[in-house]
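Q: target16.txt is reproduced below (compact mmCIF, C-alpha atoms).
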# COMPACT_ATOMS: atom_id res chain seq x y z
CA THR A 277 -16.27 -6.86 11.14
CA VAL A 278 -19.14 -7.72 13.50
CA GLU A 279 -17.08 -10.57 14.97
CA TYR A 280 -14.16 -8.26 15.71
CA ALA A 281 -16.49 -5.65 17.23
CA GLU A 282 -17.78 -8.29 19.64
CA GLN A 283 -14.26 -9.46 20.50
CA ARG A 284 -13.14 -5.88 21.09
CA LYS A 285 -15.90 -5.32 23.68
CA GLY A 286 -14.16 -7.65 26.07
CA LYS A 287 -10.65 -6.80 24.83
CA GLY A 288 -10.43 -10.30 23.36
CA ARG A 289 -11.74 -12.01 26.50
CA ALA A 290 -14.69 -14.41 26.39
CA LEU A 291 -18.08 -12.80 27.04
CA CYS A 292 -21.26 -14.53 28.15
CA PRO A 293 -23.02 -15.86 25.00
CA MET A 294 -26.42 -15.35 26.70
CA LYS A 295 -25.64 -11.62 27.18
CA ASP A 296 -26.41 -11.95 30.91
CA SER A 297 -23.30 -9.97 31.82
CA GLU A 298 -20.97 -7.48 30.18
CA SER A 299 -18.04 -8.71 32.29
CA PRO A 300 -15.71 -11.21 30.55
CA PHE A 301 -14.91 -14.61 32.02
CA ALA A 302 -11.66 -14.82 34.01
CA ASP A 303 -8.82 -16.78 32.40
CA GLY A 304 -8.64 -19.07 35.43
CA ALA A 305 -12.29 -20.03 35.06
CA LEU A 306 -11.87 -20.80 31.36
CA VAL A 307 -8.70 -22.87 31.64
CA ALA A 308 -10.40 -25.03 34.27
CA HIS A 309 -13.37 -25.87 32.05
CA VAL A 310 -12.14 -26.02 28.42
CA PRO A 311 -9.58 -28.25 26.64
CA GLN A 312 -6.05 -26.89 26.41
CA ASP A 313 -6.17 -26.52 22.59
CA VAL A 314 -9.35 -24.44 22.87
CA PHE A 315 -7.77 -22.24 25.53
CA ASP A 316 -4.65 -21.80 23.34
CA ASP A 317 -6.86 -20.66 20.44
CA TYR A 318 -8.59 -18.24 22.82
CA LEU A 319 -5.23 -16.73 23.82
CA GLN A 320 -4.33 -16.26 20.15
CA ILE A 321 -7.58 -14.35 19.62
CA ARG A 322 -6.75 -12.09 22.57
CA ILE A 323 -3.32 -11.37 21.09
CA LYS A 324 -4.87 -10.62 17.69
CA VAL A 325 -7.45 -8.23 19.20
CA ALA A 326 -4.69 -6.45 21.15
CA GLU A 327 -2.58 -6.06 18.00
CA LYS A 328 -5.55 -4.66 16.07
CA GLY A 329 -6.29 -2.24 18.90
CA ILE A 330 -2.73 -0.93 18.84
CA GLN A 331 -2.83 -0.60 15.06
CA GLU A 332 -6.13 1.30 15.20
CA GLN A 333 -4.68 3.71 17.76
CA ILE A 334 -1.62 4.32 15.57
CA GLU A 335 -3.82 4.98 12.54
CA LYS A 336 -5.97 7.37 14.57
CA GLU A 337 -2.90 9.27 15.74
CA ASN A 338 -1.57 9.43 12.18
CA GLY A 339 -4.90 10.86 11.05
CA LEU A 340 -4.65 13.59 13.68
CA LYS A 341 -1.06 14.39 12.62
CA ILE A 342 -2.15 14.66 8.98
CA GLN A 343 -5.00 17.00 9.89
CA GLU A 344 -2.70 19.14 12.06
CA LEU A 345 -0.13 19.45 9.27
CA LYS A 346 -2.79 20.37 6.71
CA GLU A 347 -4.09 23.11 9.01
CA LYS A 348 -0.57 24.45 9.53
CA LEU A 349 0.05 24.55 5.79
CA ALA A 350 -3.31 26.21 5.15
CA LYS A 351 -2.45 28.97 7.62
CA ALA A 352 1.15 29.17 6.32
CA THR A 353 2.31 30.55 9.66
CA GLY A 354 5.88 29.22 9.47
CA THR A 355 8.84 30.25 7.36
CA LEU A 356 9.09 29.14 3.76
CA GLU A 357 11.56 26.43 4.77
CA GLN A 358 9.35 25.21 7.63
CA ASN A 359 6.32 25.03 5.36
CA GLU A 360 8.34 23.17 2.73
CA MET A 361 9.51 20.57 5.27
CA ASN A 362 5.99 20.21 6.68
CA LYS A 363 4.80 19.41 3.14
CA HIS A 364 7.43 16.68 2.92
CA ARG A 365 6.45 15.29 6.32
CA LEU A 366 2.79 15.31 5.30
CA LYS A 367 3.71 13.42 2.14
CA VAL A 368 5.56 10.77 4.16
CA ILE A 369 2.81 10.26 6.76
CA ASP A 370 -0.10 10.44 4.32
CA ASP A 371 1.28 8.56 1.32
CA ILE A 372 3.96 6.25 2.75
CA PHE A 373 3.08 5.51 6.38
CA THR A 374 -0.68 5.30 5.78
CA LEU A 375 -1.96 2.29 3.80
CA LYS A 376 -4.67 3.31 1.34
CA CYS A 377 -6.92 1.83 -1.29
CA PRO A 378 -5.18 2.47 -4.65
CA ARG A 379 -8.45 3.56 -6.23
CA CYS A 380 -10.39 5.77 -3.80
CA LYS A 381 -7.49 6.45 -1.35
CA LEU A 382 -9.50 5.36 1.70
CA ALA A 383 -7.13 4.40 4.52
CA PHE A 384 -7.35 0.81 5.75
CA PHE A 385 -5.95 -1.17 8.66
CA ASP A 386 -8.46 -4.00 9.18
CA TYR A 387 -6.27 -6.93 8.09
CA ASP A 388 -7.71 -10.40 8.72
CA ASN A 389 -4.95 -12.84 7.64
CA CYS A 390 -5.86 -12.66 3.93
CA SER A 391 -3.75 -10.30 1.81
CA ALA A 392 -6.32 -9.97 -0.98
CA ILE A 393 -8.15 -6.89 0.32
CA THR A 394 -11.53 -5.51 -0.70
CA CYS A 395 -11.96 -1.79 -0.03
CA ALA A 396 -14.90 -0.97 2.24
CA GLY A 397 -15.40 2.31 0.38
CA CYS A 398 -15.34 1.45 -3.33
CA SER A 399 -15.16 -2.40 -3.39
CA CYS A 400 -11.79 -2.30 -5.17
CA GLY A 401 -9.87 -5.57 -4.88
CA PHE A 402 -6.19 -4.92 -4.22
CA CYS A 403 -3.00 -6.44 -2.86
CA SER A 404 -2.21 -5.44 0.72
CA TYR A 405 1.55 -5.61 -0.01
CA CYS A 406 2.14 -3.69 -3.25
CA LEU A 407 -1.32 -1.99 -3.27
CA GLU A 408 -1.97 -2.92 -6.90
CA ASP A 409 -5.55 -2.34 -8.09
CA CYS A 410 -6.69 -5.83 -9.17
CA GLY A 411 -10.24 -4.98 -10.24
CA LYS A 412 -12.96 -6.69 -8.22
CA ASP A 413 -10.86 -9.49 -6.69
CA ALA A 414 -7.14 -9.58 -5.85
CA HIS A 415 -6.82 -13.34 -5.30
CA GLN A 416 -5.68 -13.97 -8.89
CA HIS A 417 -2.81 -11.52 -8.30
CA PHE A 418 -1.42 -14.10 -5.84
CA TYR A 419 -2.47 -17.29 -7.62
CA GLN A 420 -0.42 -16.32 -10.69
CA ASN A 421 2.73 -16.33 -8.55
CA LYS A 422 2.39 -19.42 -6.32
CA SER A 423 0.14 -17.60 -3.81
CA LYS A 424 2.64 -14.78 -3.25
CA CYS A 425 2.64 -11.11 -4.22
CA PRO A 426 4.79 -10.91 -7.38
CA VAL A 427 6.18 -7.53 -6.28
CA GLU A 428 6.81 -7.80 -2.52
CA GLY A 429 6.84 -11.60 -2.18
CA GLY A 430 4.38 -11.67 0.70
CA PRO A 431 2.10 -14.74 0.97
CA LEU A 432 -1.66 -14.64 0.45
CA PHE A 433 -2.37 -15.93 3.95
CA ILE A 434 -0.19 -14.69 6.80
CA LYS A 435 -0.57 -13.91 10.48
CA HIS A 436 -1.15 -10.30 11.43
CA ASP A 437 2.21 -9.75 13.17
CA LEU A 438 4.15 -11.13 10.20
CA TRP A 439 2.08 -9.01 7.80
CA LEU A 440 2.95 -5.93 9.84
CA GLU A 441 6.65 -6.78 9.49
CA TYR A 442 6.26 -6.84 5.69
CA GLN A 443 4.58 -3.43 5.91
CA ARG A 444 7.36 -2.00 8.06
CA ARG A 445 10.00 -3.12 5.57
CA ARG A 446 8.03 -1.78 2.61
CA LYS A 447 7.40 1.58 4.27
CA GLY A 448 11.07 1.84 5.25
CA LYS A 449 12.11 1.19 1.65
CA LEU A 450 9.66 3.79 0.29
CA LEU A 451 10.84 6.30 2.91
CA CYS A 452 14.46 5.89 1.80
CA GLU A 453 13.45 6.33 -1.84
CA TYR A 454 11.57 9.54 -0.99
CA ILE A 455 14.40 10.97 1.13
CA ALA A 456 16.78 10.36 -1.81
CA THR A 457 14.69 12.71 -3.97
CA LEU A 458 15.46 15.66 -1.66
CA PRO A 459 18.55 17.87 -1.86
CA GLU A 460 21.26 16.59 0.50
CA ASP A 461 20.95 19.58 2.83
CA LYS A 462 17.23 18.82 3.40
CA ARG A 463 17.46 15.08 4.09
CA LYS A 464 18.50 15.19 7.75
CA THR A 465 15.87 17.83 8.53
CA LEU A 466 13.13 15.58 7.14
CA CYS A 467 14.52 12.55 8.97
CA ASP A 468 14.43 14.46 12.25
CA LEU A 469 10.81 15.47 11.58
CA VAL A 470 9.50 12.01 10.71
CA ALA A 471 11.64 9.99 13.16
CA PRO A 472 8.99 10.03 15.94
CA ASP A 473 6.30 8.95 13.44
CA ALA A 474 8.53 6.14 12.16
CA LYS A 475 9.30 5.00 15.71
CA ASP A 476 5.58 4.68 16.50
CA LEU A 477 5.24 2.31 13.54
CA GLY A 478 8.41 0.36 14.24
CA ILE A 479 10.08 1.62 11.05
CA GLU A 480 13.86 1.87 11.13
CA MET A 481 15.23 5.24 10.05
CA PRO A 482 18.25 5.34 7.70
CA THR A 483 21.49 6.61 9.23
CA ASP A 484 23.51 7.00 6.03
CA LEU A 485 21.73 9.64 3.94
CA SER A 486 23.93 9.44 0.88
CA ALA A 487 22.18 8.76 -2.42
CA LYS A 488 24.08 5.49 -2.81
CA SER A 489 22.96 4.17 0.58
CA LEU A 490 19.33 5.28 0.17
CA ALA A 491 18.99 3.64 -3.26
Once you've parsed the file, please lay out its structure as structure tokens.
A:
Amino acid sequence: TVEYAEQRKGKGRALCPMKDSESPFADGALVAHVPQDVFDDYLQIRIKVAEKGIQEQIEKENGLKIQELKEKLAKATGTLEQNEMNKHRLKVIDDIFTLKCPRCKLAFFDYDNCSAITCAGCSCGFCSYCLEDCGKDAHQHFYQNKSKCPVEGGPLFIKHDLWLEYQRRRKGKLLCEYIATLPEDKRKTLCDLVAPDAKDLGIEMPTDLSAKSLA
């Protein structure tokens, strides 16, 4: 959004509203001249901008990994087994670790405390938890279940850090389900490949790779 773009300029710090300077105000100067509750709100904005910046960087890195894997597979320079495992890793990063619009598959990461998302690419309204296509507006998806996603249980309005925790749990669950579809002798190899990607996102990797544990 335009508001976020302005906040990001100063890394969440307060900029001069008259545009006389590009340098943000120092925290010490602000706390001396504004009420404490206003300063507390300002700190929350800084935290939110920092979180979004980290998330954007992660998404950018994931995009580069996806492109690199696609190029490797197109060249088919590895062994058959290596190419097979790279396909599985691509599947995990592209379809499980990357949140996408359910209709046009455009990746998204601009969450603004409301879980009823509207895609910037195709205007699809969808749930940011279960990614259900809800037509033009996803709010009714929540209202029918006491303002919570009927599938994942996440609330309609939630702070960004708590929303990310829901996403980590969901992605971890989907990862386990996908690993369970592989032959037992391939599961550890895939886990070793995607472990660094999962770590970047704060997703816990399974240690017991038996079908019963992954279910």
Q: Give me, as a PyMOL selection string, all polymer residues having an atom no more than 12 Å from range 444-449 of chain A, counting all atoms listed in the file and skipping those fewer than 6 positions away in the same chain.
A: chain A and resi 368-375+404-407+427-430+437-438+455-456+467+470-471+473-482+489-491
Q: Please determine an axis-aligned box that encloses all atoms of range 438-447 of chain A listed in the file, with 4 Å added on each side, and express its centre and edge lengths in Å to one decimal as AutoDock Vina command-line options.
A:
--center_x 6.0 --center_y -4.8 --center_z 6.4 --size_x 15.9 --size_y 20.7 --size_z 15.6
Q: Closest to Ala392 in chain A among A:Leu469, A:Cys380, A:Cys410, A:Ala487, using all atoms listed in the file?
A: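 Of A:Leu469, A:Cys380, A:Cys410, A:Ala487, the one nearest Ala392 in chain A is A:Cys410, counting all atoms listed in the file.
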Q: Restricting the calculation to only C-alpha atoms: of A:Leu366, A:Glu347, A:Ala396, A:Cys390, which residue gets closest to His436 in chain A?
A: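 With only C-alpha atoms as the atom set, the closest residue is A:Cys390.
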Q: What's the 12 Å shell around Glu357 in chain A, counting only C-alpha atoms, without same-chain residues fewer than 6 positions away, as a list in words?
A: Leu349, Lys363, His364, Asp461, Lys462, Thr465 and Leu466 of chain A
Q: By how many Å are CA of Glu344 in chain A and CA of Leu458 in chain A apart?
A: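 Separating CA of Glu344 in chain A from CA of Leu458 in chain A is a distance of 23.0 Å.
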Q: Counting all atoms listed in the file, which residues come within 8 Å of (-6.1, -0.8, -8.5), with the point read in the file's coordinates, and could you list them as a PyMOL selection string?
A: chain A and resi 377-379+400-402+407-411
Q: Mind giving me the straight-line distance from CA of Gln416 in chain A to CA of Cys398 in chain A in Å, one decimal?
A: 19.0 Å
Q: Tell me, in Å to one decimal, how far CA of Arg463 in chain A is from CA of Leu485 in chain A.
A: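 Between CA of Arg463 in chain A and CA of Leu485 in chain A the gap is 6.9 Å.
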Q: Just checking: using all atoms listed in the file, which residue out of A:Gln420, A:Gly397, A:Asn389, A:Ser486 ends up closest to Lys376 in chain A?
A: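 For Lys376 in chain A, the nearest of the given residues is A:Gly397.
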Q: Can you work out which one of A:Ala414, A:Met361, A:Leu340, A:Leu440 has the shortest atom-to-atom distance to Cys395 in chain A, counting all atoms listed in the file?
A: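 Closest to Cys395 in chain A, using all atoms listed in the file: A:Ala414.
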